[in-house]
$ cat my_file.cif   # mmCIF, N, CA and C atoms
data_run
loop_
_atom_site.label_atom_id
_atom_site.label_comp_id
_atom_site.auth_asym_id
_atom_site.auth_seq_id
_atom_site.Cartn_x
_atom_site.Cartn_y
_atom_site.Cartn_z
N MET A 222 -5.71 -18.95 5.30
CA MET A 222 -5.96 -18.00 4.23
C MET A 222 -4.75 -17.07 4.16
N PRO A 223 -4.23 -16.81 2.98
CA PRO A 223 -3.11 -15.88 2.85
C PRO A 223 -3.51 -14.46 3.29
N VAL A 224 -2.53 -13.70 3.71
CA VAL A 224 -2.79 -12.34 4.20
C VAL A 224 -3.49 -11.49 3.14
N TRP A 225 -3.02 -11.53 1.91
CA TRP A 225 -3.62 -10.69 0.86
C TRP A 225 -5.08 -11.05 0.64
N CYS A 226 -5.40 -12.33 0.76
CA CYS A 226 -6.78 -12.77 0.57
C CYS A 226 -7.66 -12.30 1.74
N SER A 227 -7.15 -12.41 2.94
CA SER A 227 -7.94 -11.96 4.10
C SER A 227 -8.13 -10.45 4.08
N ILE A 228 -7.14 -9.71 3.59
CA ILE A 228 -7.29 -8.26 3.45
C ILE A 228 -8.38 -7.94 2.44
N LEU A 229 -8.40 -8.65 1.33
CA LEU A 229 -9.41 -8.41 0.30
C LEU A 229 -10.81 -8.76 0.81
N VAL A 230 -10.95 -9.89 1.47
CA VAL A 230 -12.26 -10.30 1.99
C VAL A 230 -12.75 -9.30 3.04
N SER A 231 -11.87 -8.89 3.95
CA SER A 231 -12.29 -7.95 4.99
C SER A 231 -12.58 -6.57 4.39
N SER A 232 -11.90 -6.20 3.31
CA SER A 232 -12.17 -4.92 2.65
C SER A 232 -13.55 -4.91 2.01
N VAL A 233 -13.93 -6.00 1.40
CA VAL A 233 -15.27 -6.08 0.80
C VAL A 233 -16.32 -6.06 1.91
N ALA A 234 -16.08 -6.77 3.00
CA ALA A 234 -17.01 -6.75 4.14
C ALA A 234 -17.11 -5.34 4.72
N PHE A 235 -15.98 -4.65 4.82
CA PHE A 235 -15.95 -3.27 5.31
C PHE A 235 -16.81 -2.37 4.43
N ALA A 236 -16.66 -2.50 3.12
CA ALA A 236 -17.43 -1.68 2.18
C ALA A 236 -18.93 -2.02 2.25
N LEU A 237 -19.25 -3.29 2.32
CA LEU A 237 -20.66 -3.69 2.39
C LEU A 237 -21.31 -3.23 3.69
N ALA A 238 -20.55 -3.16 4.76
CA ALA A 238 -21.10 -2.73 6.05
C ALA A 238 -21.53 -1.27 6.05
N HIS A 239 -21.05 -0.49 5.09
CA HIS A 239 -21.41 0.92 5.02
C HIS A 239 -22.68 1.18 4.21
N PHE A 240 -23.24 0.15 3.58
CA PHE A 240 -24.52 0.24 2.86
C PHE A 240 -24.56 1.41 1.87
N ASN A 241 -23.47 1.65 1.16
CA ASN A 241 -23.42 2.75 0.21
C ASN A 241 -22.82 2.24 -1.09
N MET A 242 -23.69 1.91 -2.03
CA MET A 242 -23.21 1.33 -3.30
C MET A 242 -22.45 2.33 -4.15
N GLN A 243 -22.74 3.63 -4.00
CA GLN A 243 -22.04 4.64 -4.78
C GLN A 243 -20.57 4.75 -4.39
N ARG A 244 -20.26 4.45 -3.14
CA ARG A 244 -18.89 4.57 -2.65
C ARG A 244 -18.25 3.21 -2.40
N MET A 245 -18.76 2.18 -3.06
CA MET A 245 -18.27 0.83 -2.82
C MET A 245 -16.78 0.70 -3.18
N LEU A 246 -16.38 1.14 -4.35
CA LEU A 246 -14.97 0.99 -4.75
C LEU A 246 -14.02 1.81 -3.88
N PRO A 247 -14.33 3.08 -3.57
CA PRO A 247 -13.43 3.80 -2.67
C PRO A 247 -13.34 3.16 -1.28
N LEU A 248 -14.44 2.59 -0.79
CA LEU A 248 -14.42 1.95 0.51
C LEU A 248 -13.61 0.65 0.48
N ILE A 249 -13.72 -0.10 -0.62
CA ILE A 249 -12.89 -1.30 -0.76
C ILE A 249 -11.42 -0.90 -0.79
N PHE A 250 -11.11 0.15 -1.54
CA PHE A 250 -9.72 0.64 -1.60
C PHE A 250 -9.23 1.05 -0.22
N LEU A 251 -10.06 1.79 0.52
CA LEU A 251 -9.70 2.20 1.87
C LEU A 251 -9.47 0.97 2.76
N GLY A 252 -10.33 -0.02 2.63
CA GLY A 252 -10.16 -1.24 3.40
C GLY A 252 -8.86 -1.96 3.08
N VAL A 253 -8.50 -1.99 1.80
CA VAL A 253 -7.23 -2.62 1.40
C VAL A 253 -6.06 -1.85 1.99
N VAL A 254 -6.12 -0.53 1.91
CA VAL A 254 -5.03 0.29 2.46
C VAL A 254 -4.92 0.08 3.98
N MET A 255 -6.06 0.13 4.66
CA MET A 255 -6.01 -0.07 6.12
C MET A 255 -5.53 -1.47 6.48
N GLY A 256 -5.94 -2.47 5.70
CA GLY A 256 -5.47 -3.83 5.95
C GLY A 256 -3.98 -3.98 5.71
N ALA A 257 -3.48 -3.34 4.64
CA ALA A 257 -2.05 -3.39 4.35
C ALA A 257 -1.24 -2.67 5.42
N VAL A 258 -1.77 -1.54 5.88
CA VAL A 258 -1.09 -0.79 6.94
C VAL A 258 -1.01 -1.64 8.21
N PHE A 259 -2.12 -2.31 8.54
CA PHE A 259 -2.10 -3.16 9.73
C PHE A 259 -1.15 -4.34 9.56
N ALA A 260 -1.20 -4.98 8.38
CA ALA A 260 -0.34 -6.14 8.14
C ALA A 260 1.13 -5.76 8.23
N ARG A 261 1.45 -4.57 7.79
CA ARG A 261 2.85 -4.14 7.81
C ARG A 261 3.29 -3.69 9.20
N SER A 262 2.43 -2.95 9.89
CA SER A 262 2.82 -2.38 11.18
C SER A 262 2.50 -3.29 12.38
N ARG A 263 1.54 -4.21 12.19
CA ARG A 263 1.06 -5.07 13.28
C ARG A 263 0.51 -4.25 14.44
N ASN A 264 -0.01 -3.07 14.10
CA ASN A 264 -0.54 -2.15 15.09
C ASN A 264 -1.85 -1.59 14.52
N LEU A 265 -2.91 -1.63 15.31
CA LEU A 265 -4.22 -1.19 14.83
C LEU A 265 -4.36 0.33 14.81
N LEU A 266 -3.58 1.04 15.61
CA LEU A 266 -3.72 2.49 15.72
C LEU A 266 -3.57 3.22 14.38
N PRO A 267 -2.57 2.93 13.54
CA PRO A 267 -2.49 3.65 12.26
C PRO A 267 -3.73 3.47 11.38
N SER A 268 -4.29 2.28 11.38
CA SER A 268 -5.51 2.05 10.60
C SER A 268 -6.69 2.82 11.18
N MET A 269 -6.75 2.89 12.50
CA MET A 269 -7.82 3.66 13.15
C MET A 269 -7.69 5.15 12.83
N LEU A 270 -6.47 5.66 12.83
CA LEU A 270 -6.25 7.07 12.50
C LEU A 270 -6.59 7.35 11.04
N LEU A 271 -6.25 6.42 10.16
CA LEU A 271 -6.59 6.57 8.75
C LEU A 271 -8.10 6.57 8.56
N HIS A 272 -8.80 5.71 9.26
CA HIS A 272 -10.27 5.67 9.20
C HIS A 272 -10.86 6.97 9.71
N SER A 273 -10.32 7.50 10.79
CA SER A 273 -10.79 8.79 11.34
C SER A 273 -10.56 9.92 10.36
N LEU A 274 -9.41 9.92 9.72
CA LEU A 274 -9.11 10.95 8.72
C LEU A 274 -10.08 10.86 7.55
N TRP A 275 -10.35 9.65 7.08
CA TRP A 275 -11.33 9.43 6.00
C TRP A 275 -12.70 9.98 6.41
N ASN A 276 -13.13 9.65 7.64
CA ASN A 276 -14.43 10.13 8.12
C ASN A 276 -14.47 11.64 8.21
N ALA A 277 -13.36 12.26 8.58
CA ALA A 277 -13.31 13.72 8.65
C ALA A 277 -13.50 14.34 7.26
N PHE A 278 -12.85 13.75 6.25
CA PHE A 278 -13.00 14.27 4.89
C PHE A 278 -14.43 14.05 4.37
N VAL A 279 -15.03 12.93 4.69
CA VAL A 279 -16.42 12.67 4.29
C VAL A 279 -17.34 13.69 4.98
N PHE A 280 -17.11 13.95 6.26
CA PHE A 280 -17.91 14.92 6.99
C PHE A 280 -17.79 16.31 6.36
N LEU A 281 -16.56 16.71 6.05
CA LEU A 281 -16.37 18.04 5.41
C LEU A 281 -17.05 18.10 4.05
N ASP A 282 -17.02 17.00 3.32
CA ASP A 282 -17.68 16.95 2.01
C ASP A 282 -19.20 17.07 2.17
N LEU A 283 -19.74 16.48 3.22
CA LEU A 283 -21.18 16.56 3.44
C LEU A 283 -21.61 17.96 3.90
N MET A 284 -20.71 18.71 4.47
CA MET A 284 -21.03 20.05 4.96
C MET A 284 -21.07 21.10 3.85
N LYS A 285 -20.69 20.75 2.64
CA LYS A 285 -20.70 21.71 1.53
C LYS A 285 -22.11 22.14 1.20
#

$ encode --input "my_file.cif" --output "structure tokens"
Amino acid sequence: MPVWCSILVSSVAFALAHFNMQRMLPLIFLGVVMGAVFARSRNLLPSMLLHSLWNAFVFLDLMK
């Protein structure tokens, strides 16, 4: 499977795993970005940090 295709498939799986249909498109976008970051850097840490940053912003949004 080409890299771009595997990134897209894993991004959709990532979004579906969150069980939130309202945020499906932003989660797919985040998955694509994290997949592209990993594919470019070949290091999982930047994607993990990006995911943590995303979760922090979601947490702050929920605290409003």

$ atom_distance --input "my_file.cif" --atom1 "CA of Gln243 in chain A" --atom2 "CA of Ser268 in chain A"
22.7 Å

$ axis_aligned_box --input "my_file.cif" --around "range 252-269 of chain A" --padding-each-side "5 Å" --output "JSON"
{"center_x": -3.5, "center_y": -0.5, "center_z": 8.6, "size_x": 23.6, "size_y": 21.3, "size_z": 24.3}

$ resolve_selection --input "my_file.cif" --expression "the PyMOL selection byres (((chain A and resi 245-251 and name CA) around 12) and name CA)" --output "PDB file with N, CA and C atoms, in the frame of the given file"
ATOM      1  N   ILE A 228      -7.140  -9.710   3.590  1.00  0.00           N
ATOM      2  CA  ILE A 228      -7.290  -8.260   3.450  1.00  0.00           C
ATOM      3  C   ILE A 228      -8.380  -7.940   2.440  1.00  0.00           C
ATOM      4  N   LEU A 229      -8.400  -8.650   1.330  1.00  0.00           N
ATOM      5  CA  LEU A 229      -9.410  -8.410   0.300  1.00  0.00           C
ATOM      6  C   LEU A 229     -10.810  -8.760   0.810  1.00  0.00           C
ATOM      7  N   VAL A 230     -10.950  -9.890   1.470  1.00  0.00           N
ATOM      8  CA  VAL A 230     -12.260 -10.300   1.990  1.00  0.00           C
ATOM      9  C   VAL A 230     -12.750  -9.300   3.040  1.00  0.00           C
ATOM     10  N   SER A 231     -11.870  -8.890   3.950  1.00  0.00           N
ATOM     11  CA  SER A 231     -12.290  -7.950   4.990  1.00  0.00           C
ATOM     12  C   SER A 231     -12.580  -6.570   4.390  1.00  0.00           C
ATOM     13  N   SER A 232     -11.900  -6.200   3.310  1.00  0.00           N
ATOM     14  CA  SER A 232     -12.170  -4.920   2.650  1.00  0.00           C
ATOM     15  C   SER A 232     -13.550  -4.910   2.010  1.00  0.00           C
ATOM     16  N   VAL A 233     -13.930  -6.000   1.400  1.00  0.00           N
ATOM     17  CA  VAL A 233     -15.270  -6.080   0.800  1.00  0.00           C
ATOM     18  C   VAL A 233     -16.320  -6.060   1.910  1.00  0.00           C
ATOM     19  N   ALA A 234     -16.080  -6.770   3.000  1.00  0.00           N
ATOM     20  CA  ALA A 234     -17.010  -6.750   4.140  1.00  0.00           C
ATOM     21  C   ALA A 234     -17.110  -5.340   4.720  1.00  0.00           C
ATOM     22  N   PHE A 235     -15.980  -4.650   4.820  1.00  0.00           N
ATOM     23  CA  PHE A 235     -15.950  -3.270   5.310  1.00  0.00           C
ATOM     24  C   PHE A 235     -16.810  -2.370   4.430  1.00  0.00           C
ATOM     25  N   ALA A 236     -16.660  -2.500   3.120  1.00  0.00           N
ATOM     26  CA  ALA A 236     -17.430  -1.680   2.180  1.00  0.00           C
ATOM     27  C   ALA A 236     -18.930  -2.020   2.250  1.00  0.00           C
ATOM     28  N   LEU A 237     -19.250  -3.290   2.320  1.00  0.00           N
ATOM     29  CA  LEU A 237     -20.660  -3.690   2.390  1.00  0.00           C
ATOM     30  C   LEU A 237     -21.310  -3.230   3.690  1.00  0.00           C
ATOM     31  N   ALA A 238     -20.550  -3.160   4.760  1.00  0.00           N
ATOM     32  CA  ALA A 238     -21.100  -2.730   6.050  1.00  0.00           C
ATOM     33  C   ALA A 238     -21.530  -1.270   6.050  1.00  0.00           C
ATOM     34  N   HIS A 239     -21.050  -0.490   5.090  1.00  0.00           N
ATOM     35  CA  HIS A 239     -21.410   0.920   5.020  1.00  0.00           C
ATOM     36  C   HIS A 239     -22.680   1.180   4.210  1.00  0.00           C
ATOM     37  N   PHE A 240     -23.240   0.150   3.580  1.00  0.00           N
ATOM     38  CA  PHE A 240     -24.520   0.240   2.860  1.00  0.00           C
ATOM     39  C   PHE A 240     -24.560   1.410   1.870  1.00  0.00           C
ATOM     40  N   ASN A 241     -23.470   1.650   1.160  1.00  0.00           N
ATOM     41  CA  ASN A 241     -23.420   2.750   0.210  1.00  0.00           C
ATOM     42  C   ASN A 241     -22.820   2.240  -1.090  1.00  0.00           C
ATOM     43  N   MET A 242     -23.690   1.910  -2.030  1.00  0.00           N
ATOM     44  CA  MET A 242     -23.210   1.330  -3.300  1.00  0.00           C
ATOM     45  C   MET A 242     -22.450   2.330  -4.150  1.00  0.00           C
ATOM     46  N   GLN A 243     -22.740   3.630  -4.000  1.00  0.00           N
ATOM     47  CA  GLN A 243     -22.040   4.640  -4.780  1.00  0.00           C
ATOM     48  C   GLN A 243     -20.570   4.750  -4.390  1.00  0.00           C
ATOM     49  N   ARG A 244     -20.260   4.450  -3.140  1.00  0.00           N
ATOM     50  CA  ARG A 244     -18.890   4.570  -2.650  1.00  0.00           C
ATOM     51  C   ARG A 244     -18.250   3.210  -2.400  1.00  0.00           C
ATOM     52  N   GLY A 252     -10.330  -0.020   2.630  1.00  0.00           N
ATOM     53  CA  GLY A 252     -10.160  -1.240   3.400  1.00  0.00           C
ATOM     54  C   GLY A 252      -8.860  -1.960   3.080  1.00  0.00           C
ATOM     55  N   VAL A 253      -8.500  -1.990   1.800  1.00  0.00           N
ATOM     56  CA  VAL A 253      -7.230  -2.620   1.400  1.00  0.00           C
ATOM     57  C   VAL A 253      -6.060  -1.850   1.990  1.00  0.00           C
ATOM     58  N   VAL A 254      -6.120  -0.530   1.910  1.00  0.00           N
ATOM     59  CA  VAL A 254      -5.030   0.290   2.460  1.00  0.00           C
ATOM     60  C   VAL A 254      -4.920   0.080   3.980  1.00  0.00           C
ATOM     61  N   MET A 255      -6.060   0.130   4.660  1.00  0.00           N
ATOM     62  CA  MET A 255      -6.010  -0.070   6.120  1.00  0.00           C
ATOM     63  C   MET A 255      -5.530  -1.470   6.480  1.00  0.00           C
ATOM     64  N   GLY A 256      -5.940  -2.470   5.700  1.00  0.00           N
ATOM     65  CA  GLY A 256      -5.470  -3.830   5.950  1.00  0.00           C
ATOM     66  C   GLY A 256      -3.980  -3.980   5.710  1.00  0.00           C
ATOM     67  N   ALA A 257      -3.480  -3.340   4.640  1.00  0.00           N
ATOM     68  CA  ALA A 257      -2.050  -3.390   4.350  1.00  0.00           C
ATOM     69  C   ALA A 257      -1.240  -2.670   5.420  1.00  0.00           C
ATOM     70  N   VAL A 258      -1.770  -1.540   5.880  1.00  0.00           N
ATOM     71  CA  VAL A 258      -1.090  -0.790   6.940  1.00  0.00           C
ATOM     72  C   VAL A 258      -1.010  -1.640   8.210  1.00  0.00           C
ATOM     73  N   SER A 268      -4.290   2.280  11.380  1.00  0.00           N
ATOM     74  CA  SER A 268      -5.510   2.050  10.600  1.00  0.00           C
ATOM     75  C   SER A 268      -6.690   2.820  11.180  1.00  0.00           C
ATOM     76  N   MET A 269      -6.750   2.890  12.500  1.00  0.00           N
ATOM     77  CA  MET A 269      -7.820   3.660  13.150  1.00  0.00           C
ATOM     78  C   MET A 269      -7.690   5.150  12.830  1.00  0.00           C
ATOM     79  N   LEU A 271      -6.250   6.420  10.160  1.00  0.00           N
ATOM     80  CA  LEU A 271      -6.590   6.570   8.750  1.00  0.00           C
ATOM     81  C   LEU A 271      -8.100   6.570   8.560  1.00  0.00           C
ATOM     82  N   HIS A 272      -8.800   5.710   9.260  1.00  0.00           N
ATOM     83  CA  HIS A 272     -10.270   5.670   9.200  1.00  0.00           C
ATOM     84  C   HIS A 272     -10.860   6.970   9.710  1.00  0.00           C
ATOM     85  N   SER A 273     -10.320   7.500  10.790  1.00  0.00           N
ATOM     86  CA  SER A 273     -10.790   8.790  11.340  1.00  0.00           C
ATOM     87  C   SER A 273     -10.560   9.920  10.360  1.00  0.00           C
ATOM     88  N   LEU A 274      -9.410   9.920   9.720  1.00  0.00           N
ATOM     89  CA  LEU A 274      -9.110  10.950   8.720  1.00  0.00           C
ATOM     90  C   LEU A 274     -10.080  10.860   7.550  1.00  0.00           C
ATOM     91  N   TRP A 275     -10.350   9.650   7.080  1.00  0.00           N
ATOM     92  CA  TRP A 275     -11.330   9.430   6.000  1.00  0.00           C
ATOM     93  C   TRP A 275     -12.700   9.980   6.410  1.00  0.00           C
ATOM     94  N   ASN A 276     -13.130   9.650   7.640  1.00  0.00           N
ATOM     95  CA  ASN A 276     -14.430  10.130   8.120  1.00  0.00           C
ATOM     96  C   ASN A 276     -14.470  11.640   8.210  1.00  0.00           C
ATOM     97  N   VAL A 279     -15.030  12.930   4.690  1.00  0.00           N
ATOM     98  CA  VAL A 279     -16.420  12.670   4.290  1.00  0.00           C
ATOM     99  C   VAL A 279     -17.340  13.690   4.980  1.00  0.00           C
TER     100      VAL A 279
END

$ atom_distance --input "my_file.cif" --atom1 "atom N of Ser227 in chain A" --atom2 "CA of Leu270 in chain A"
21.7 Å

$ atom_distance --input "my_file.cif" --atom1 "CA of Ala260 in chain A" --atom2 "CA of Trp225 in chain A"
9.2 Å

$ select_by_dssp --input "my_file.cif" --residues "chain A" --states "alpha helix (DSSP H)" --output "ChimeraX atom specification"
/A:224-238,245-262,265-283
